[in-house]
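Okay, target14.cif now, which holds mmCIF, C-alpha atoms and all ligand atoms:
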```cif
data_run
loop_
_atom_site.group_PDB
_atom_site.id
_atom_site.type_symbol
_atom_site.label_atom_id
_atom_site.label_comp_id
_atom_site.auth_asym_id
_atom_site.auth_seq_id
_atom_site.Cartn_x
_atom_site.Cartn_y
_atom_site.Cartn_z
ATOM 1 C CA MET A 1 0.000 0.000 0.000
ATOM 2 C CA GLY A 2 1.333 3.400 -0.961
ATOM 3 C CA ILE A 3 1.524 6.136 1.646
ATOM 4 C CA LEU A 4 -0.684 9.170 1.475
ATOM 5 C CA LEU A 5 1.301 12.422 1.395
ATOM 6 C CA ASP A 6 -0.744 14.482 3.821
ATOM 7 C CA GLY A 7 -0.318 18.071 2.660
ATOM 8 C CA LYS A 8 -3.093 19.299 4.922
ATOM 9 C CA GLY A 9 -1.427 17.889 8.025
ATOM 10 C CA LEU A 10 2.037 19.129 7.078
ATOM 11 C CA ALA A 11 0.697 22.605 6.249
ATOM 12 C CA GLU A 12 -0.887 22.736 9.715
ATOM 13 C CA GLU A 13 2.433 21.795 11.349
ATOM 14 C CA ARG A 14 4.269 24.443 9.355
ATOM 15 C CA ARG A 15 1.564 26.995 10.173
ATOM 16 C CA ALA A 16 2.255 26.506 13.871
ATOM 17 C CA GLU A 17 6.010 26.990 13.270
ATOM 18 C CA LEU A 18 5.335 30.063 11.146
ATOM 19 C CA SER A 19 3.150 31.617 13.882
ATOM 20 C CA THR A 20 6.125 31.406 16.243
ATOM 21 C CA ARG A 21 8.392 32.990 13.641
ATOM 22 C CA VAL A 22 5.873 35.780 12.977
ATOM 23 C CA ALA A 23 5.553 36.452 16.726
ATOM 24 C CA ALA A 24 9.363 36.739 16.968
ATOM 25 C CA PHE A 25 9.345 39.170 14.011
ATOM 26 C CA VAL A 26 6.675 41.298 15.716
ATOM 27 C CA ASP A 27 8.702 41.340 18.962
ATOM 28 C CA GLU A 28 11.807 42.453 17.129
ATOM 29 C CA TYR A 29 10.407 44.971 14.636
ATOM 30 C CA GLY A 30 7.158 46.120 16.263
ATOM 31 C CA ARG A 31 5.016 45.187 13.289
ATOM 32 C CA ALA A 32 3.757 42.028 11.573
ATOM 33 C CA PRO A 33 4.815 40.968 8.055
ATOM 34 C CA CYS A 34 2.197 42.119 5.558
ATOM 35 C CA LEU A 35 0.883 40.340 2.473
ATOM 36 C CA SER A 36 -0.876 42.498 -0.077
ATOM 37 C CA VAL A 37 -3.193 41.073 -2.734
ATOM 38 C CA VAL A 38 -4.426 42.904 -5.811
ATOM 39 C CA LEU A 39 -7.799 41.551 -6.901
ATOM 40 C CA VAL A 40 -9.326 42.855 -10.126
ATOM 41 C CA GLY A 41 -12.987 42.230 -10.942
ATOM 42 C CA ASP A 42 -15.627 40.011 -9.382
ATOM 43 C CA ASP A 43 -14.708 36.469 -10.367
ATOM 44 C CA SER A 44 -16.154 34.407 -7.516
ATOM 45 C CA ALA A 45 -13.391 31.750 -7.539
ATOM 46 C CA SER A 46 -10.693 34.438 -7.409
ATOM 47 C CA ALA A 47 -12.511 36.209 -4.573
ATOM 48 C CA LEU A 48 -12.686 32.904 -2.688
ATOM 49 C CA TYR A 49 -8.941 32.228 -3.184
ATOM 50 C CA VAL A 50 -8.127 35.740 -1.958
ATOM 51 C CA ARG A 51 -10.327 35.348 1.146
ATOM 52 C CA ASN A 52 -8.573 32.054 1.864
ATOM 53 C CA LYS A 53 -5.106 33.634 1.600
ATOM 54 C CA VAL A 54 -6.145 36.543 3.840
ATOM 55 C CA ARG A 55 -7.652 34.165 6.415
ATOM 56 C CA MET A 56 -4.520 31.992 6.451
ATOM 57 C CA ALA A 57 -2.230 35.028 6.749
ATOM 58 C CA GLU A 58 -4.242 36.304 9.691
ATOM 59 C CA LYS A 59 -4.172 32.858 11.326
ATOM 60 C CA VAL A 60 -0.375 33.022 11.616
ATOM 61 C CA GLY A 61 -0.489 36.614 12.898
ATOM 62 C CA MET A 62 0.436 38.338 9.640
ATOM 63 C CA LEU A 63 -1.269 41.437 8.280
ATOM 64 C CA SER A 64 -3.013 41.441 4.940
ATOM 65 C CA ARG A 65 -4.185 44.139 2.626
ATOM 66 C CA VAL A 66 -6.513 43.590 -0.333
ATOM 67 C CA GLU A 67 -6.658 46.175 -3.116
ATOM 68 C CA HIS A 68 -9.890 45.440 -4.952
ATOM 69 C CA LEU A 69 -10.151 47.111 -8.349
ATOM 70 C CA PRO A 70 -13.262 47.038 -10.571
ATOM 71 C CA ALA A 71 -13.485 44.609 -13.502
ATOM 72 C CA ASP A 72 -13.148 47.516 -15.950
ATOM 73 C CA ALA A 73 -9.912 48.788 -14.389
ATOM 74 C CA SER A 74 -7.392 49.757 -17.059
ATOM 75 C CA GLN A 75 -3.893 48.305 -17.436
ATOM 76 C CA GLU A 76 -2.525 51.634 -16.229
ATOM 77 C CA GLU A 77 -4.706 51.637 -13.113
ATOM 78 C CA VAL A 78 -3.567 48.124 -12.184
ATOM 79 C CA LEU A 79 0.081 49.049 -12.840
ATOM 80 C CA ASN A 80 -0.282 52.169 -10.688
ATOM 81 C CA THR A 81 -1.645 50.050 -7.829
ATOM 82 C CA VAL A 82 1.259 47.608 -8.184
ATOM 83 C CA GLU A 83 3.757 50.503 -8.183
ATOM 84 C CA GLU A 84 2.149 52.011 -5.104
ATOM 85 C CA LEU A 85 2.427 48.686 -3.243
ATOM 86 C CA ASN A 86 5.993 48.184 -4.516
ATOM 87 C CA GLY A 87 6.865 51.487 -2.864
ATOM 88 C CA SER A 88 4.993 50.936 0.397
ATOM 89 C CA THR A 89 7.306 50.151 3.316
ATOM 90 C CA ASP A 90 4.360 48.466 5.114
ATOM 91 C CA VAL A 91 4.015 45.772 2.424
ATOM 92 C CA ASP A 92 6.409 42.800 2.396
ATOM 93 C CA GLY A 93 4.760 40.526 -0.143
ATOM 94 C CA LEU A 94 2.645 41.396 -3.160
ATOM 95 C CA ILE A 95 0.559 39.188 -5.389
ATOM 96 C CA VAL A 96 -1.800 39.900 -8.239
ATOM 97 C CA GLN A 97 -4.599 37.345 -8.244
ATOM 98 C CA LEU A 98 -4.888 35.524 -11.552
ATOM 99 C CA PRO A 99 -6.685 35.213 -13.895
ATOM 100 C CA LEU A 100 -7.163 38.885 -14.680
ATOM 101 C CA PRO A 101 -10.234 40.149 -16.585
ATOM 102 C CA LYS A 102 -10.001 40.097 -20.378
ATOM 103 C CA GLY A 103 -8.320 43.154 -21.850
ATOM 104 C CA LEU A 104 -5.559 43.255 -19.220
ATOM 105 C CA ASP A 105 -2.067 42.001 -20.009
ATOM 106 C CA PRO A 106 -1.058 39.725 -17.110
ATOM 107 C CA GLU A 107 2.568 39.430 -18.285
ATOM 108 C CA GLY A 108 3.066 43.204 -18.195
ATOM 109 C CA ILE A 109 1.477 43.408 -14.750
ATOM 110 C CA ILE A 110 3.404 40.506 -13.206
ATOM 111 C CA ALA A 111 6.659 41.857 -14.611
ATOM 112 C CA ARG A 112 6.030 45.117 -12.749
ATOM 113 C CA ILE A 113 5.944 43.454 -9.302
ATOM 114 C CA SER A 114 9.169 44.235 -7.485
ATOM 115 C CA PRO A 115 11.249 41.032 -7.187
ATOM 116 C CA SER A 116 11.860 42.016 -3.559
ATOM 117 C CA LYS A 117 8.095 41.593 -2.925
ATOM 118 C CA ASP A 118 7.391 38.766 -5.367
ATOM 119 C CA VAL A 119 5.981 36.165 -2.952
ATOM 120 C CA ASP A 120 4.411 34.166 -5.790
ATOM 121 C CA GLY A 121 7.845 33.827 -7.407
ATOM 122 C CA LEU A 122 6.340 34.435 -10.840
ATOM 123 C CA THR A 123 8.132 37.545 -12.081
ATOM 124 C CA PRO A 124 10.653 37.057 -14.893
ATOM 125 C CA VAL A 125 13.422 37.880 -12.398
ATOM 126 C CA SER A 126 12.318 35.232 -9.869
ATOM 127 C CA LEU A 127 11.810 32.591 -12.571
ATOM 128 C CA GLY A 128 15.156 33.509 -14.119
ATOM 129 C CA ARG A 129 16.858 33.036 -10.758
ATOM 130 C CA ILE A 130 15.646 29.413 -10.718
ATOM 131 C CA VAL A 131 17.269 28.865 -14.105
ATOM 132 C CA ARG A 132 20.496 30.415 -12.805
ATOM 133 C CA GLY A 133 20.327 28.341 -9.608
ATOM 134 C CA LEU A 134 20.216 31.498 -7.464
ATOM 135 C CA ASP A 135 18.263 32.102 -4.242
ATOM 136 C CA GLY A 136 14.920 33.881 -4.483
ATOM 137 C CA SER A 137 11.190 33.441 -4.006
ATOM 138 C CA ARG A 138 10.144 30.135 -5.485
ATOM 139 C CA PRO A 139 6.681 29.676 -7.060
ATOM 140 C CA CYS A 140 4.396 28.462 -4.296
ATOM 141 C CA THR A 141 2.982 25.266 -5.819
ATOM 142 C CA PRO A 142 6.294 23.667 -6.901
ATOM 143 C CA LYS A 143 7.855 24.813 -3.632
ATOM 144 C CA GLY A 144 5.004 23.174 -1.715
ATOM 145 C CA VAL A 145 5.447 19.943 -3.690
ATOM 146 C CA LEU A 146 9.172 19.770 -2.911
ATOM 147 C CA THR A 147 8.567 20.556 0.771
ATOM 148 C CA LEU A 148 6.048 17.720 0.931
ATOM 149 C CA LEU A 149 8.398 15.234 -0.771
ATOM 150 C CA GLU A 150 11.258 16.239 1.508
ATOM 151 C CA HIS A 151 9.089 15.873 4.612
ATOM 152 C CA TYR A 152 8.317 12.273 3.664
ATOM 153 C CA GLY A 153 11.977 11.535 2.958
ATOM 154 C CA ILE A 154 11.455 11.201 -0.789
ATOM 155 C CA ASN A 155 14.793 12.045 -2.343
ATOM 156 C CA CYS A 156 14.630 13.239 -5.952
ATOM 157 C CA ALA A 157 18.331 12.875 -6.742
ATOM 158 C CA GLY A 158 18.973 10.509 -9.641
ATOM 159 C CA LYS A 159 15.248 9.763 -10.073
ATOM 160 C CA LYS A 160 13.396 10.010 -13.354
ATOM 161 C CA ALA A 161 10.652 12.616 -12.987
ATOM 162 C CA ALA A 162 7.849 13.402 -15.424
ATOM 163 C CA VAL A 163 5.969 16.681 -15.087
ATOM 164 C CA VAL A 164 2.744 16.805 -17.077
ATOM 165 C CA GLY A 165 1.772 20.416 -17.828
ATOM 166 C CA ARG A 166 4.092 23.279 -18.791
ATOM 167 C CA SER A 167 2.470 26.418 -17.381
ATOM 168 C CA ALA A 168 4.701 29.187 -16.009
ATOM 169 C CA LEU A 169 2.694 28.889 -12.791
ATOM 170 C CA VAL A 170 3.314 25.196 -12.096
ATOM 171 C CA GLY A 171 4.801 22.860 -14.727
ATOM 172 C CA LYS A 172 7.845 24.774 -15.945
ATOM 173 C CA PRO A 173 9.148 25.901 -12.542
ATOM 174 C CA MET A 174 8.350 22.439 -11.162
ATOM 175 C CA ALA A 175 10.537 20.836 -13.835
ATOM 176 C CA LEU A 176 13.394 23.270 -13.186
ATOM 177 C CA MET A 177 13.170 22.833 -9.419
ATOM 178 C CA LEU A 178 13.170 19.038 -9.714
ATOM 179 C CA ALA A 179 16.242 19.304 -11.951
ATOM 180 C CA GLN A 180 17.836 21.483 -9.269
ATOM 181 C CA GLU A 181 17.195 18.581 -6.882
ATOM 182 C CA ASP A 182 19.165 16.365 -9.292
ATOM 183 C CA ALA A 183 16.176 14.558 -10.800
ATOM 184 C CA THR A 184 16.267 13.782 -14.524
ATOM 185 C CA VAL A 185 13.157 15.537 -15.756
ATOM 186 C CA THR A 186 10.851 15.132 -18.743
ATOM 187 C CA LEU A 187 8.437 18.045 -19.191
ATOM 188 C CA CYS A 188 5.273 16.871 -20.952
ATOM 189 C CA HIS A 189 2.388 18.789 -22.499
ATOM 190 C CA SER A 190 -0.491 18.373 -24.917
ATOM 191 C CA LYS A 191 1.816 17.793 -27.901
ATOM 192 C CA THR A 192 3.981 15.202 -26.159
ATOM 193 C CA ARG A 193 4.224 11.966 -28.096
ATOM 194 C CA ASP A 194 4.238 8.723 -26.237
ATOM 195 C CA LEU A 195 3.173 10.140 -22.873
ATOM 196 C CA GLY A 196 2.242 6.595 -21.843
ATOM 197 C CA ASN A 197 5.814 5.305 -22.074
ATOM 198 C CA ILE A 198 7.278 8.397 -20.416
ATOM 199 C CA LEU A 199 4.944 7.935 -17.446
ATOM 200 C CA LYS A 200 5.607 4.190 -17.218
ATOM 201 C CA ASP A 201 9.329 4.948 -16.936
ATOM 202 C CA ALA A 202 9.026 7.719 -14.308
ATOM 203 C CA ASP A 203 9.864 7.325 -10.610
ATOM 204 C CA ILE A 204 8.094 10.593 -9.800
ATOM 205 C CA VAL A 205 5.103 11.996 -11.699
ATOM 206 C CA VAL A 206 3.698 15.485 -11.137
ATOM 207 C CA ALA A 207 0.345 16.036 -12.845
ATOM 208 C CA ALA A 208 -0.580 19.702 -13.454
ATOM 209 C CA ILE A 209 -3.021 19.493 -16.323
ATOM 210 C CA GLY A 210 -6.445 20.634 -15.169
ATOM 211 C CA ARG A 211 -8.409 17.642 -16.452
ATOM 212 C CA PRO A 212 -10.329 15.489 -14.001
ATOM 213 C CA ALA A 213 -8.984 11.944 -13.653
ATOM 214 C CA PHE A 214 -6.908 12.332 -16.822
ATOM 215 C CA LEU A 215 -4.297 9.867 -15.539
ATOM 216 C CA GLN A 216 -5.251 6.398 -14.325
ATOM 217 C CA PRO A 217 -3.339 4.247 -11.800
ATOM 218 C CA ASP A 218 -2.261 1.904 -14.587
ATOM 219 C CA SER A 219 -0.530 4.897 -16.245
ATOM 220 C CA PHE A 220 2.244 4.667 -13.640
ATOM 221 C CA LYS A 221 5.196 2.434 -12.938
ATOM 222 C CA PRO A 222 4.610 0.294 -9.836
ATOM 223 C CA GLY A 223 6.217 2.106 -6.883
ATOM 224 C CA ALA A 224 6.099 5.553 -8.507
ATOM 225 C CA VAL A 225 5.491 8.680 -6.427
ATOM 226 C CA VAL A 226 2.415 10.441 -7.802
ATOM 227 C CA VAL A 227 1.816 14.116 -7.063
ATOM 228 C CA ASP A 228 -1.516 15.500 -8.197
ATOM 229 C CA VAL A 229 -1.557 19.284 -8.541
ATOM 230 C CA GLY A 230 -4.853 19.421 -10.446
ATOM 231 C CA ILE A 231 -7.943 20.930 -8.891
ATOM 232 C CA ASN A 232 -11.079 20.306 -10.907
ATOM 233 C CA ARG A 233 -14.668 20.844 -9.882
ATOM 234 C CA ILE A 234 -17.196 18.121 -10.689
ATOM 235 C CA ASP A 235 -20.667 19.053 -9.428
ATOM 236 C CA ASP A 236 -19.981 19.896 -5.785
ATOM 237 C CA ARG A 237 -16.752 17.854 -5.484
ATOM 238 C CA TRP A 238 -13.104 18.741 -6.073
ATOM 239 C CA VAL A 239 -11.019 16.131 -7.853
ATOM 240 C CA GLY A 240 -7.468 16.005 -9.136
ATOM 241 C CA ASP A 241 -5.952 15.070 -12.496
ATOM 242 C CA VAL A 242 -5.322 11.518 -11.296
ATOM 243 C CA SER A 243 -7.976 8.895 -10.671
ATOM 244 C CA VAL A 244 -7.459 7.629 -7.118
ATOM 245 C CA ASP A 245 -9.336 4.345 -7.540
ATOM 246 C CA GLY A 246 -6.652 1.709 -6.988
ATOM 247 C CA LEU A 247 -3.867 4.300 -6.920
ATOM 248 C CA SER A 248 -2.538 3.251 -3.521
ATOM 249 C CA GLU A 249 -1.964 -0.284 -4.871
ATOM 250 C CA VAL A 250 0.348 1.038 -7.608
ATOM 251 C CA ALA A 251 2.003 4.172 -6.211
ATOM 252 C CA SER A 252 4.516 4.058 -3.342
ATOM 253 C CA ALA A 253 3.270 7.514 -2.309
ATOM 254 C CA TRP A 254 0.549 9.819 -3.589
ATOM 255 C CA THR A 255 -1.184 13.122 -2.824
ATOM 256 C CA PRO A 256 -4.945 13.391 -2.295
ATOM 257 C CA VAL A 257 -7.165 16.137 -3.727
ATOM 258 C CA PRO A 258 -8.190 18.017 -1.704
ATOM 259 C CA GLY A 259 -5.700 17.926 1.162
ATOM 260 C CA GLY A 260 -2.464 17.380 -0.796
ATOM 261 C CA VAL A 261 -0.719 20.072 -2.805
ATOM 262 C CA GLY A 262 -3.359 22.827 -2.258
ATOM 263 C CA PRO A 263 -2.614 23.489 1.445
ATOM 264 C CA MET A 264 1.129 23.279 0.727
ATOM 265 C CA THR A 265 0.749 26.037 -1.878
ATOM 266 C CA VAL A 266 -0.882 28.382 0.623
ATOM 267 C CA ILE A 267 1.676 27.731 3.368
ATOM 268 C CA SER A 268 4.495 28.310 0.838
ATOM 269 C CA LEU A 269 2.989 31.715 0.041
ATOM 270 C CA LEU A 270 2.998 32.676 3.724
ATOM 271 C CA GLU A 271 6.535 31.337 4.190
ATOM 272 C CA ASN A 272 7.728 33.340 1.174
ATOM 273 C CA THR A 273 6.175 36.496 2.670
ATOM 274 C CA VAL A 274 7.908 36.012 6.014
ATOM 275 C CA LEU A 275 11.219 35.261 4.257
ATOM 276 C CA LEU A 276 11.003 38.514 2.278
ATOM 277 C CA ALA A 277 10.015 40.478 5.409
ATOM 278 C CA GLU A 278 13.035 39.018 7.234
ATOM 279 C CA ASP A 279 15.300 39.746 4.225
ATOM 280 C CA LYS A 280 14.308 43.415 4.273
ATOM 281 C CA LYS A 281 15.801 43.848 7.745
HETATM 282 P P1 LIG B 1 -2.720 25.444 -17.490
HETATM 283 O O1 LIG B 1 -2.004 26.740 -17.561
HETATM 284 O O2 LIG B 1 -4.051 25.305 -18.134
HETATM 285 O O3 LIG B 1 -1.743 24.320 -18.069
HETATM 286 C C1 LIG B 1 -2.193 23.020 -18.286
HETATM 287 C C2 LIG B 1 -1.085 22.241 -18.923
HETATM 288 O O4 LIG B 1 -1.573 20.904 -19.143
HETATM 289 C C3 LIG B 1 -0.613 22.794 -20.281
HETATM 290 O O5 LIG B 1 0.778 22.861 -20.327
HETATM 291 C C4 LIG B 1 -1.162 21.778 -21.283
HETATM 292 O O6 LIG B 1 -0.335 21.584 -22.409
HETATM 293 C C5 LIG B 1 -1.168 20.509 -20.454
HETATM 294 N N1 LIG B 1 -2.120 19.570 -21.025
HETATM 295 C C6 LIG B 1 -3.408 19.782 -21.367
HETATM 296 N N2 LIG B 1 -3.935 18.674 -21.929
HETATM 297 C C7 LIG B 1 -2.949 17.765 -21.952
HETATM 298 C C8 LIG B 1 -2.847 16.432 -22.431
HETATM 299 N N3 LIG B 1 -3.879 15.845 -23.038
HETATM 300 N N4 LIG B 1 -1.689 15.772 -22.297
HETATM 301 C C9 LIG B 1 -0.623 16.367 -21.708
HETATM 302 N N5 LIG B 1 -0.652 17.633 -21.235
HETATM 303 C C10 LIG B 1 -1.789 18.322 -21.369
HETATM 304 O O7 LIG B 1 -2.945 24.987 -15.978
HETATM 305 P P2 LIG B 1 -2.114 25.307 -14.634
HETATM 306 O O8 LIG B 1 -2.358 26.703 -14.216
HETATM 307 O O9 LIG B 1 -0.730 24.782 -14.740
HETATM 308 O O10 LIG B 1 -2.931 24.362 -13.617
HETATM 309 C C11 LIG B 1 -3.024 22.966 -13.819
HETATM 310 C C12 LIG B 1 -3.970 22.381 -12.781
HETATM 311 O O11 LIG B 1 -3.411 22.620 -11.500
HETATM 312 C C13 LIG B 1 -5.359 23.020 -12.741
HETATM 313 O O12 LIG B 1 -6.290 22.038 -12.353
HETATM 314 C C14 LIG B 1 -5.238 24.060 -11.637
HETATM 315 O O13 LIG B 1 -6.488 24.352 -11.044
HETATM 316 C C15 LIG B 1 -4.347 23.324 -10.694
HETATM 317 N N6 LIG B 1 -3.576 24.160 -9.776
HETATM 318 C C16 LIG B 1 -3.515 23.735 -8.502
HETATM 319 C C17 LIG B 1 -2.759 24.433 -7.586
HETATM 320 C C18 LIG B 1 -2.690 23.938 -6.203
HETATM 321 O O14 LIG B 1 -2.325 24.687 -5.305
HETATM 322 N N7 LIG B 1 -3.012 22.671 -5.970
HETATM 323 C C19 LIG B 1 -2.069 25.588 -7.976
HETATM 324 C C20 LIG B 1 -2.116 25.979 -9.312
HETATM 325 C C21 LIG B 1 -2.875 25.255 -10.218
HETATM 326 P P3 LIG B 1 -0.097 22.743 -23.523
HETATM 327 O O15 LIG B 1 0.888 23.680 -22.918
HETATM 328 O O16 LIG B 1 0.454 21.991 -24.689
HETATM 329 O O17 LIG B 1 -1.424 23.373 -23.782
#
```
Go through the file and emit its structure as structure tokens.
Amino acid sequence: MGILLDGKGLAEERRAELSTRVAAFVDEYGRAPCLSVVLVGDDSASALYVRNKVRMAEKVGMLSRVEHLPADASQEEVLNTVEELNGSTDVDGLIVQLPLPKGLDPEGIIARISPSKDVDGLTPVSLGRIVRGLDGSRPCTPKGVLTLLEHYGINCAGKKAAVVGRSALVGKPMALMLAQEDATVTLCHSKTRDLGNILKDADIVVAAIGRPAFLQPDSFKPGAVVVDVGINRIDDRWVGDVSVDGLSEVASAWTPVPGGVGPMTVISLLENTVLLAEDKK
């Protein structure tokens, strides 16, 4: 039987540790680290994600600040808000909630976030630092995945890893960060030929596709570690990209959805904010 990689439980443990670190920061500097979120428009899922981040930040004793702009905000208005937050000494971490309403250029907006406040690790500078092997904010989902693997003593060095999905948010940084951990990585996407054989050969598979139950347990090599980043809504349930029926009989370790990578993403965001606040001192 494969072990379940309990992201929810680990995120709770790390939350307790982070609360202590935040309290020490407050004692030393007389203020709490502050996470600022720019939310544009009224997308209900985005609003829910933002509320969740704010609630989690407050739980560990951090401050949060939400700048809510209307759906018809112009590119210039969003950029001005980002610049204002870049310049604010009260703000340690800054994220722009994606997706943005149509008509806005997310690349231009993300690129404007100061790397010194880039807690999502998604600016060209932060992503470039991964390529160069330099320190910096790491994108929260891949960071959360690696933290989870490390916690369970899963060493990536020398392993064959397959990442399915090549977004700048998850797949690409995940592949680079696994390579940094000395895994031999294959980055797969919708045009990949022979995905079946690549998966059957992989010791570690990270699925970040966004298609419910796209991968089946018999897709994997017996003993593989299977990390499911996908979050897909079916009626009133959330499911991943991997079908879990029979998965524990094939995989040596696997993440559930919900309760796997999701909570690790949020805790990574908070940890990145505290790291940047500490760096500023
Ligand atoms: P995305 O930008 O839509 O990227 C999806 C990727 O999957 C693309 O690279 C696409 O390939 C690839 N893909 C699609 N169909 C495929 C197929 N048939 N075979 C192989 N690859 C295929 O999505 P994303 O933002 O990376 O998110 C992926 C999933 O993770 C979503 O369910 C999202 O909700 C979830 N997510 C979860 C967390 C978390 O904290 N757990 C965080 C972020 C995202 P092409 O590039 O060729 O189109």
_Surrounding residues as a count of residues only, ligand LIG 1 (chain B), max 8 Å, only C-alpha atoms and all ligand atoms_ = 37
_Could you check the closest approach to Ala277 (chain A) for each of A:Leu94, A:Leu122, A:Leu187, A:Val40 and tell me which residue wins, using only C-alpha atoms?_
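Among the listed residues, A:Leu94 lies closest to Ala277 (chain A).
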*Counting all atoms listed in the file, the option among A:Val91, A:Leu4, A:Val82, A:Ile234 closest to Ala111 (chain A)*: A:Val82
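Closest approach to Glu150 (chain A) from the set A:Met56, A:Val205, A:Val66, A:Leu10 is made by A:Leu10, with distances taken over all atoms listed in the file.
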*asked:* Which residues would end up in the selection if the PyMOL selection byres (((chain A and resi 67-73) around 12) and not hetatm) were applied here, given that I need the answer as a PyMOL selection string?
replied: chain A and resi 35-43+46-47+50-51+54+64-66+74-82+84-85+94-97+99-105
*Which distance in Å separates CA of Tyr49 (chain A) and CA of Leu98 (chain A), to one decimal?*
9.9 Å
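For the atom pair formed by CA of Lys117 (chain A) and CA of Asn86 (chain A), the distance is 7.1 Å, given to one decimal.
Nearest residue to Gly133 (chain A), choosing from A:Asn155, A:Ser114, A:Thr89, A:Gln180 and counting only C-alpha atoms: A:Gln180.
Non-sequential neighbours of Arg129 (chain A) (distance at most 12 Å, separation of 4 or more positions within a chain, all atoms listed in the file) are A:Pro115, A:Gly121, A:Leu122, A:Thr123, A:Pro124, A:Val125, A:Gly133, A:Leu134, A:Asp135, A:Gly136, A:Ser137, A:Arg138, A:Pro139, A:Pro173, A:Leu176, A:Met177, A:Gln180.
Here CA of Asp6 (chain A) is placed at a distance of 9.9 Å from CA of Pro258 (chain A).
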_Need to verify the contact set: Lys59 (chain A), 12 Å, all atoms listed in the file, exclusion of same-chain residues closer than 3 positions in sequence. Can you return it as number ranges by chain?_
A: 12, 15-20, 22-23, 52-56, 62-64, 267, 270
*Find, counting all atoms listed in the file, the residue in A:Ile198, A:Val227, A:Ala11, A:Ala24 that gets nearest to Val257 (chain A).*
A:Val227
